[in-house]
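A quick write-up on the structure given underneath.
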Amino acid sequence: MNPLNSATVESAVELSASDEPEKQPETQAQESEPDRLLFKKSPRTCQLTGVRIRAIGAYVPLRVVTNGELEAQYGFEAGWIKKRTGILERRYAAEEEGTSDLAVKAARRMLAKSDVDPSDIDLVLVATFTPDFTCPSTACLVQEKLGLDAPAMDLQAACSGFMYALATGAQFVATGNSKLALVIGADVNSRIVQPDDQGTAPLFGDAAGAVLLERGTTEQGLVRYQLGADGAGGSLLDRPVGGTLRPLTPELVADGQHYLKMDGRNVFKWAIQVVTETIEQVLMQADVGVADVKLFVLHQANIRIIDHAMKVLQIPSEKVFNNLDRIGNTSAASIPVAMDEAFEQGRIEPGDLVLMCGFGAGLTWGTGLFRW
Ligand SMILES: CC(C)(COP(=O)(O)OP(=O)(O)OC[C@H]1O[C@@H](n2cnc3c(N)ncnc32)[C@H](O)[C@@H]1OP(=O)(O)O)[C@@H](O)C(=O)NCCC(=O)NCCS
């Protein structure tokens, strides 16, 4: 059978001119911070069905770090973390663990739950913005540690990374160029946050989540999705040094410039727009109502972002899966770890529609309606 016969690959949906995002003149955008920060909506969504999730697994490190521990250690304001984010505790990787170790543990847990022969895996994608090394890729380390015969590559889209990797893996599977694709989201954020920065450090944790993609029915897969990027907002959430443009120097490191920097308040305002507007758009273009969706799994960044979206989109709380109170923001691992927990609890079953929404540095976002 020609694999393309049962894989539906459909592209952009046209919208009327009134739906086009308003363009800001360049000078005005530079001068007017609030205008530049507004979410730049894109009218395009895509469809990629004929793909299913064969198995899912996750790993969170053993070390629990509570708000109380951070408050005592760094003098953070008592109660601030819980009140402003909904996070109670997070997990930190052990000293000897890197991102690839978490990724391998998630993949092994997933394999242990399935009847898959690892030698059938023919593609490894790892979404991460905290790789073990700049080079080689974390995916190559995972491929080697799992003993796979497969091409391997990293994808960097920060907290949207899993959505980007899911869509990329799905294209390989839909075209028949991969029969069994291992797609992992993994991050060790505890190594890149400035420990005493109350505005970033307590929000983040470490974890990994893995899925195996294979051919499914024409109904299964990404019923409708949008991946997006707005590099104009890159400086809202970045690591300004350590790359080729501004290599590390002892002075920059001493000044803490290598840590993750975040303009939390403006990221917050951008995020609530991304989440509400892209979910609404994906559902509308899929001609699917909130009632038809079994579960909403949003990137676990801040409970107030999720609550805002639920309120605006009138999503009942029983349709939303959250675990950020226990693990915080785990970047690319956030969505697959939450989906694994939801799956284990029987809250996702084959045939269900699940809405996933990731957003983060870049700026990037990925919102997808996936039929299991
Ligand atoms: C870092 C953080 C906890 C700090 O919290 P905070 O100082 O209490 O600030 P808030 O989040 O309440 O407010 C941010 C802004 O959003 C506004 N805001 C809050 N709720 C809002 C809503 N429902 N609609 C519109 N704007 C809202 C606030 O008025 C504030 O605007 P201002 O700076 O002009 O006054 C929080 O800003 C945050 O979580 N940011 C996003 C971090 C994040 O998700 N990062 C990862 C992305 S992957």
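In the structure tokens, the first chain shown is A, the next is B, and so on; residue numbers restart at 1 for each chain, and ligands run from 1 in the order shown.
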Please identify every polymer residue within 9 Å of ligand 1, using only C-alpha atoms and all ligand atoms, and present the set as a ChimeraX atom specification. /A:34,80-81,83-85,158-160,198-200,203-204,237,262-273,299-305,307-309,329-331,358-361,363
Save out the residues we just selected, C-alpha atoms, as a compact mmCIF listing (two decimals), in the first residue's frame.
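Below is the file part-v7.txt, written as the result:
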# COMPACT_ATOMS: atom_id res chain seq x y z
CA PRO A 34 3.08 46.99 24.43
CA TRP A 80 4.63 34.17 46.54
CA ILE A 81 5.41 31.13 44.33
CA LYS A 83 0.05 32.50 44.88
CA ARG A 84 1.51 33.76 41.57
CA THR A 85 1.99 30.40 39.78
CA ALA A 158 11.86 25.67 24.05
CA CYS A 159 8.55 24.99 25.79
CA SER A 160 6.81 24.45 22.43
CA GLN A 198 12.56 34.55 42.35
CA GLY A 199 11.02 35.54 39.00
CA THR A 200 12.34 32.48 37.14
CA LEU A 203 8.84 28.25 38.16
CA PHE A 204 10.94 25.56 36.50
CA LEU A 237 12.86 34.86 27.37
CA MET A 262 12.73 36.18 31.55
CA ASP A 263 10.52 39.25 31.41
CA GLY A 264 7.85 37.28 33.25
CA ARG A 265 5.15 39.91 33.26
CA ASN A 266 5.25 40.47 29.51
CA VAL A 267 5.61 36.74 28.78
CA PHE A 268 2.52 36.28 30.92
CA LYS A 269 0.50 38.81 28.90
CA TRP A 270 1.68 37.28 25.61
CA ALA A 271 0.96 33.74 26.82
CA ILE A 272 -2.64 34.35 27.78
CA GLN A 273 -3.27 35.62 24.27
CA HIS A 299 1.86 23.73 28.78
CA GLN A 300 2.25 23.78 32.56
CA ALA A 301 3.73 27.24 33.03
CA ASN A 302 1.36 29.04 35.36
CA ILE A 303 -2.07 28.01 36.68
CA ARG A 304 -3.31 31.56 36.15
CA ILE A 305 -2.62 31.31 32.40
CA ASP A 307 -7.41 29.32 34.39
CA HIS A 308 -7.67 32.43 32.22
CA ALA A 309 -7.96 30.29 29.07
CA ASN A 329 7.27 24.14 34.26
CA THR A 330 9.30 21.34 32.66
CA SER A 331 9.53 23.03 29.22
CA GLY A 358 2.64 24.63 24.07
CA PHE A 359 4.21 28.10 24.17
CA GLY A 360 7.53 29.60 25.14
CA ALA A 361 10.86 31.09 24.17
CA LEU A 363 8.79 33.18 20.91
So which bits of region 188-248 of chain A end up helix (DSSP H, G or I) when you DSSP the backbone, as a PyMOL selection string? chain A and resi 189-191+201-203+231-236
Which residues, written as a PyMOL selection string, have at least one atom at most 9 Å from region 165-179 of chain A, with only C-alpha atoms counted and residues fewer than 3 positions away on the same chain left out? chain A and resi 2-4+6-9+48-52+120-127+154-157+160-162+182-185+211+213-216+221-222+225+227+368
Go through A:Gly79, A:Pro61, A:Gly86, A:Gly228 one by one, measure the shortest atom-to-atom distance of each to Lys41 (chain A) using only C-alpha atoms, and give the residue with the smallest value. A:Gly228
Leaving out Ala342 (chain A) and any residue of its chain fewer than 2 positions from it, which residues lie within 10 Å of it when counting only C-alpha atoms, given as a PDB file with N, CA and C atoms, in the first residue's frame?
ATOM      1  N   LEU A 295      -9.965  16.084  26.532  1.00  0.00           N
ATOM      2  CA  LEU A 295      -9.045  16.645  27.516  1.00  0.00           C
ATOM      3  C   LEU A 295      -8.221  17.776  26.904  1.00  0.00           C
ATOM      4  N   VAL A 297      -4.715  19.659  27.406  1.00  0.00           N
ATOM      5  CA  VAL A 297      -3.416  19.536  28.076  1.00  0.00           C
ATOM      6  C   VAL A 297      -2.570  20.727  27.638  1.00  0.00           C
ATOM      7  N   VAL A 320      -9.672  19.651  31.898  1.00  0.00           N
ATOM      8  CA  VAL A 320      -8.306  20.191  31.848  1.00  0.00           C
ATOM      9  C   VAL A 320      -7.416  19.356  32.759  1.00  0.00           C
ATOM     10  N   PHE A 321      -6.240  18.962  32.232  1.00  0.00           N
ATOM     11  CA  PHE A 321      -5.315  18.178  33.053  1.00  0.00           C
ATOM     12  C   PHE A 321      -4.140  19.043  33.494  1.00  0.00           C
ATOM     13  N   ASN A 322      -3.941  19.117  34.799  1.00  0.00           N
ATOM     14  CA  ASN A 322      -2.820  19.894  35.337  1.00  0.00           C
ATOM     15  C   ASN A 322      -1.972  19.056  36.290  1.00  0.00           C
ATOM     16  N   ASN A 323      -0.672  19.254  36.238  1.00  0.00           N
ATOM     17  CA  ASN A 323       0.217  18.648  37.240  1.00  0.00           C
ATOM     18  C   ASN A 323       1.312  19.629  37.657  1.00  0.00           C
ATOM     19  N   PRO A 336       4.101  16.033  27.163  1.00  0.00           N
ATOM     20  CA  PRO A 336       4.085  14.565  27.187  1.00  0.00           C
ATOM     21  C   PRO A 336       4.020  13.974  28.593  1.00  0.00           C
ATOM     22  N   VAL A 337       4.606  14.648  29.577  1.00  0.00           N
ATOM     23  CA  VAL A 337       4.526  14.128  30.951  1.00  0.00           C
ATOM     24  C   VAL A 337       3.073  14.207  31.444  1.00  0.00           C
ATOM     25  N   ALA A 338       2.426  15.342  31.174  1.00  0.00           N
ATOM     26  CA  ALA A 338       1.022  15.492  31.585  1.00  0.00           C
ATOM     27  C   ALA A 338       0.139  14.482  30.848  1.00  0.00           C
ATOM     28  N   MET A 339       0.404  14.277  29.559  1.00  0.00           N
ATOM     29  CA  MET A 339      -0.413  13.317  28.790  1.00  0.00           C
ATOM     30  C   MET A 339      -0.207  11.902  29.289  1.00  0.00           C
ATOM     31  N   ASP A 340       1.023  11.580  29.676  1.00  0.00           N
ATOM     32  CA  ASP A 340       1.293  10.240  30.202  1.00  0.00           C
ATOM     33  C   ASP A 340       0.490  10.007  31.481  1.00  0.00           C
ATOM     34  N   GLU A 344      -2.438   7.272  31.968  1.00  0.00           N
ATOM     35  CA  GLU A 344      -2.369   6.263  33.040  1.00  0.00           C
ATOM     36  C   GLU A 344      -3.619   6.301  33.919  1.00  0.00           C
ATOM     37  N   GLN A 345      -4.190   7.484  34.076  1.00  0.00           N
ATOM     38  CA  GLN A 345      -5.397   7.631  34.897  1.00  0.00           C
ATOM     39  C   GLN A 345      -6.671   7.317  34.121  1.00  0.00           C
ATOM     40  N   GLY A 346      -6.529   6.894  32.869  1.00  0.00           N
ATOM     41  CA  GLY A 346      -7.694   6.536  32.056  1.00  0.00           C
ATOM     42  C   GLY A 346      -8.456   7.750  31.551  1.00  0.00           C
ATOM     43  N   ARG A 347      -7.816   8.910  31.579  1.00  0.00           N
ATOM     44  CA  ARG A 347      -8.520  10.109  31.124  1.00  0.00           C
ATOM     45  C   ARG A 347      -8.355  10.355  29.623  1.00  0.00           C
ATOM     46  N   ILE A 348      -7.512   9.531  28.983  1.00  0.00           N
ATOM     47  CA  ILE A 348      -7.395   9.551  27.517  1.00  0.00           C
ATOM     48  C   ILE A 348      -7.516   8.106  27.048  1.00  0.00           C
ATOM     49  N   GLU A 349      -8.394   7.894  26.050  1.00  0.00           N
ATOM     50  CA  GLU A 349      -8.553   6.558  25.480  1.00  0.00           C
ATOM     51  C   GLU A 349      -8.485   6.660  23.957  1.00  0.00           C
TER      52      GLU A 349
END
